[in-house]
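Chemist: Pasting a structure here, questions to come.
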Amino acid sequence: DSGVTQTPKHLITATGQRVTLRCSPRSGDLSVYWYQQSLDQGLQFLIQYYNGEERAKGNILERFSAQQFPDLHSELNLSSLELGDSALYFCASSARTSTDTQYFGPGTRLTVL
Amino acid sequence: AQKVTQAQTEISVVEKEDVTLDCVYETRDTTYYLFWYKQPPSGELVFLIRRNSFDEQNEISGRYSWNFQKSTSSFNFTITASQVVDSAVYFCALSELDSSYKLIFGSGTRLLVRP
């Protein structure tokens with residue numbers, strides 16, 4: 001158990017809908033990262049937050065947004081969902097700087113029908 | 001451009017065999033970090049090891065060992081006396097300043113250990 005929690009574990013929804021994925025980092029970690037794992041794109045970095053502020057952005061679609069709250073938990077919002085958004089979404093956290101090891105949560109499997 | 005290549009898509013071995021998973025990386029940074037993660041069938045990503053670019057010492061942890069060679073830009077992972085529980089997808093990843101230290105993953109190697 002990495003200490004990173006993600007909810008829900010599974011999510012099934014329809015095209016055009018909006019969903020929110022939640023992540024709680026390990027106790028004491030200030031950085032949160034979101035990654036998407038899909039069959040065609042592999043594991044890809046989406047976005048990073050550090051102590052409430054956006055720190056780095058990757059291949060995140062405009063339909064996706066994220067935030068990190070004062071208690072350090074993070075949410076990834078996915079809207080206007082398309083079939084291609086079906087994937088495993090991971091959250092990871094690290095202690096302080098971006099050079100620290102990232103520990104991953106169990107992931108949220110999103111299925112868009 | 002930064003890149004991680006895991007050329008072996010799938011490897012199948014019989015229990016107790018030794019197996020080496022290859023990882024080749026590309027980076028222009030002089031300071032970078034390399035990682036291995038394991039993804040068992042249950043789906044989570046489990047951290048195995050992290051090395052920085054200034055530490056080329058090989059590392060051994062139980063049945064696992066890692067060979068880091070800057071001269072060939074490789075960071076290979078060997079499992080000695082493999083066990084069925086080692087069956088998983090293994091990912092090599094690179095983290096560097098140029099990419100804001102996000103993890104750049106290889107495509108993964110699926111290891112199947114047969115009894």
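Ordering of the structure tokens sets the chain letters (A, B, ...); residue numbers start at 1 within each chain; ligands are numbered from 1 in the order shown.
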Find the residues of chain A that sit at most 8 Å from chain B; for each, write down the nearest two atoms and how far apart they are in Å, to one decimal. Count only C-alpha atoms. Sort by chain, then by number going up, and give it as a Markdown table.
Modeler:
```
| residue | atom | partner | partner_atom | distance |
| --- | --- | --- | --- | --- |
| A:Ser2 | CA | B:Val46 | CA | 7.7 |
| A:Gly42 | CA | B:Ser107 | CA | 6.1 |
| A:Leu43 | CA | B:Phe105 | CA | 6.2 |
| A:Gln44 | CA | B:Ile104 | CA | 7.3 |
| A:Phe45 | CA | B:Lys102 | CA | 6.7 |
| A:Ala56 | CA | B:Ser100 | CA | 6.6 |
| A:Ser98 | CA | B:Tyr101 | CA | 5.6 |
| A:Thr99 | CA | B:Tyr101 | CA | 6.2 |
| A:Thr101 | CA | B:Arg50 | CA | 7.2 |
| A:Gln102 | CA | B:Phe47 | CA | 8.0 |
| A:Tyr103 | CA | B:Phe47 | CA | 6.6 |
| A:Phe104 | CA | B:Leu45 | CA | 5.9 |
| A:Gly105 | CA | B:Glu44 | CA | 6.8 |
| A:Pro106 | CA | B:Glu44 | CA | 4.6 |
| A:Gly107 | CA | B:Glu44 | CA | 6.5 |
```
Chemist: Taking the DSSP secondary structure from the backbone, can you list the residues of region 5-84 of chain A that are strand (DSSP E or B), as a ChimeraX atom specification?
Modeler: /A:5-7,10-13,19-24,31-38,42-50,53-57,64-68,74-78
Chemist: Residues at most 8 Å from region 31-34 of chain A, counting only C-alpha atoms, excluding those fewer than 2 positions away in the same chain, as a PDB file with N, CA, C and O atoms, in the first residue's frame?
Modeler:
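Wrote it out as part.pdb, contents follow:
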```
ATOM      1  N   PRO A  25      -3.142  12.416  -1.240  1.00  0.00           N
ATOM      2  CA  PRO A  25      -1.725  12.041  -1.263  1.00  0.00           C
ATOM      3  C   PRO A  25      -1.309  11.365   0.035  1.00  0.00           C
ATOM      4  O   PRO A  25      -2.055  11.342   1.014  1.00  0.00           O
ATOM      5  N   ASP A  29       2.978  14.574   1.999  1.00  0.00           N
ATOM      6  CA  ASP A  29       3.393  14.897   0.631  1.00  0.00           C
ATOM      7  C   ASP A  29       2.704  16.164   0.152  1.00  0.00           C
ATOM      8  O   ASP A  29       1.509  16.356   0.386  1.00  0.00           O
ATOM      9  N   GLN A  36      -2.451   9.377 -17.094  1.00  0.00           N
ATOM     10  CA  GLN A  36      -3.457   8.592 -17.789  1.00  0.00           C
ATOM     11  C   GLN A  36      -2.778   7.384 -18.425  1.00  0.00           C
ATOM     12  O   GLN A  36      -1.716   7.516 -19.045  1.00  0.00           O
ATOM     13  N   PHE A  45       1.803  11.666 -18.570  1.00  0.00           N
ATOM     14  CA  PHE A  45       1.654  12.692 -17.538  1.00  0.00           C
ATOM     15  C   PHE A  45       0.604  13.710 -17.971  1.00  0.00           C
ATOM     16  O   PHE A  45       0.599  14.183 -19.109  1.00  0.00           O
ATOM     17  N   LEU A  46      -0.286  14.049 -17.052  1.00  0.00           N
ATOM     18  CA  LEU A  46      -1.306  15.058 -17.351  1.00  0.00           C
ATOM     19  C   LEU A  46      -0.972  16.404 -16.703  1.00  0.00           C
ATOM     20  O   LEU A  46      -0.875  17.423 -17.383  1.00  0.00           O
ATOM     21  N   ILE A  47      -0.819  16.403 -15.370  1.00  0.00           N
ATOM     22  CA  ILE A  47      -0.652  17.672 -14.672  1.00  0.00           C
ATOM     23  C   ILE A  47      -0.083  17.426 -13.275  1.00  0.00           C
ATOM     24  O   ILE A  47      -0.246  16.346 -12.720  1.00  0.00           O
ATOM     25  N   GLN A  48       0.615  18.444 -12.757  1.00  0.00           N
ATOM     26  CA  GLN A  48       1.183  18.381 -11.413  1.00  0.00           C
ATOM     27  C   GLN A  48       0.757  19.592 -10.600  1.00  0.00           C
ATOM     28  O   GLN A  48       0.745  20.717 -11.115  1.00  0.00           O
ATOM     29  N   TYR A  49       0.462  19.374  -9.338  1.00  0.00           N
ATOM     30  CA  TYR A  49       0.217  20.446  -8.389  1.00  0.00           C
ATOM     31  C   TYR A  49       1.189  20.332  -7.233  1.00  0.00           C
ATOM     32  O   TYR A  49       1.554  19.230  -6.824  1.00  0.00           O
ATOM     33  N   TYR A  50       1.601  21.489  -6.734  1.00  0.00           N
ATOM     34  CA  TYR A  50       2.468  21.523  -5.570  1.00  0.00           C
ATOM     35  C   TYR A  50       1.873  22.501  -4.571  1.00  0.00           C
ATOM     36  O   TYR A  50       1.754  23.694  -4.864  1.00  0.00           O
ATOM     37  N   ASN A  51       1.489  22.011  -3.435  1.00  0.00           N
ATOM     38  CA  ASN A  51       0.959  22.832  -2.350  1.00  0.00           C
ATOM     39  C   ASN A  51      -0.129  23.784  -2.838  1.00  0.00           C
ATOM     40  O   ASN A  51      -0.157  24.959  -2.459  1.00  0.00           O
ATOM     41  N   GLN A  68      -5.869  21.364  -6.612  1.00  0.00           N
ATOM     42  CA  GLN A  68      -5.428  20.808  -5.342  1.00  0.00           C
ATOM     43  C   GLN A  68      -5.933  21.730  -4.248  1.00  0.00           C
ATOM     44  O   GLN A  68      -5.737  22.940  -4.301  1.00  0.00           O
ATOM     45  N   SER A  74      -6.571  16.231  -4.178  1.00  0.00           N
ATOM     46  CA  SER A  74      -6.696  16.772  -5.526  1.00  0.00           C
ATOM     47  C   SER A  74      -7.877  16.134  -6.236  1.00  0.00           C
ATOM     48  O   SER A  74      -8.274  15.003  -5.916  1.00  0.00           O
ATOM     49  N   LEU A  76      -9.498  15.592 -10.271  1.00  0.00           N
ATOM     50  CA  LEU A  76      -9.348  15.701 -11.721  1.00  0.00           C
ATOM     51  C   LEU A  76     -10.749  15.665 -12.310  1.00  0.00           C
ATOM     52  O   LEU A  76     -11.493  14.709 -12.077  1.00  0.00           O
ATOM     53  N   TYR A  89      -6.782   6.104 -14.733  1.00  0.00           N
ATOM     54  CA  TYR A  89      -6.220   7.387 -14.307  1.00  0.00           C
ATOM     55  C   TYR A  89      -5.550   7.204 -12.955  1.00  0.00           C
ATOM     56  O   TYR A  89      -6.174   6.781 -11.980  1.00  0.00           O
ATOM     57  N   PHE A  90      -4.275   7.531 -12.943  1.00  0.00           N
ATOM     58  CA  PHE A  90      -3.493   7.400 -11.715  1.00  0.00           C
ATOM     59  C   PHE A  90      -3.184   8.762 -11.122  1.00  0.00           C
ATOM     60  O   PHE A  90      -2.901   9.720 -11.826  1.00  0.00           O
ATOM     61  N   CYS A  91      -3.184   8.778  -9.824  1.00  0.00           N
ATOM     62  CA  CYS A  91      -2.672   9.902  -9.071  1.00  0.00           C
ATOM     63  C   CYS A  91      -1.392   9.420  -8.388  1.00  0.00           C
ATOM     64  O   CYS A  91      -1.291   8.256  -7.975  1.00  0.00           O
ATOM     65  N   ALA A  92      -0.413  10.297  -8.297  1.00  0.00           N
ATOM     66  CA  ALA A  92       0.812   9.983  -7.575  1.00  0.00           C
ATOM     67  C   ALA A  92       1.140  11.157  -6.679  1.00  0.00           C
ATOM     68  O   ALA A  92       0.693  12.286  -6.925  1.00  0.00           O
ATOM     69  N   SER A  93       1.897  10.907  -5.622  1.00  0.00           N
ATOM     70  CA  SER A  93       2.337  12.023  -4.794  1.00  0.00           C
ATOM     71  C   SER A  93       3.809  11.876  -4.469  1.00  0.00           C
ATOM     72  O   SER A  93       4.369  10.771  -4.514  1.00  0.00           O
ATOM     73  N   SER A  94       4.432  13.004  -4.196  1.00  0.00           N
ATOM     74  CA  SER A  94       5.822  12.995  -3.762  1.00  0.00           C
ATOM     75  C   SER A  94       5.979  14.007  -2.645  1.00  0.00           C
ATOM     76  O   SER A  94       5.162  14.919  -2.493  1.00  0.00           O
ATOM     77  N   ALA A  95       7.084  13.836  -1.906  1.00  0.00           N
ATOM     78  CA  ALA A  95       7.245  14.580  -0.660  1.00  0.00           C
ATOM     79  C   ALA A  95       7.220  16.096  -0.863  1.00  0.00           C
ATOM     80  O   ALA A  95       6.345  16.794  -0.358  1.00  0.00           O
ATOM     81  N   ARG A  96       8.223  16.574  -1.553  1.00  0.00           N
ATOM     82  CA  ARG A  96       8.300  18.025  -1.703  1.00  0.00           C
ATOM     83  C   ARG A  96       8.577  18.383  -3.148  1.00  0.00           C
ATOM     84  O   ARG A  96       7.693  18.785  -3.879  1.00  0.00           O
ATOM     85  N   THR A  97       9.821  18.217  -3.552  1.00  0.00           N
ATOM     86  CA  THR A  97      10.208  18.676  -4.876  1.00  0.00           C
ATOM     87  C   THR A  97       9.871  17.634  -5.935  1.00  0.00           C
ATOM     88  O   THR A  97       9.598  16.476  -5.627  1.00  0.00           O
ATOM     89  N   SER A  98       9.957  18.065  -7.145  1.00  0.00           N
ATOM     90  CA  SER A  98       9.650  17.174  -8.258  1.00  0.00           C
ATOM     91  C   SER A  98      10.686  16.077  -8.412  1.00  0.00           C
ATOM     92  O   SER A  98      10.447  15.096  -9.102  1.00  0.00           O
TER      93      SER A  98
END
```
Chemist: Go through A:Thr111, A:Ser86, A:Pro70, A:Glu75 one by one, measure the shortest atom-to-atom distance of each to Asp40 (chain A) using only C-alpha atoms, and give the residue with the smallest value.
Modeler: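 Comparing A:Thr111, A:Ser86, A:Pro70, A:Glu75 against Asp40 (chain A), the winner is A:Ser86.
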Chemist: Per DSSP on the backbone, what are the helix (DSSP H, G or I) residues of region 4-115 of chain B, as an MDAnalysis selection string?
Modeler: chainID B and resid 70:72 84:86 97:99
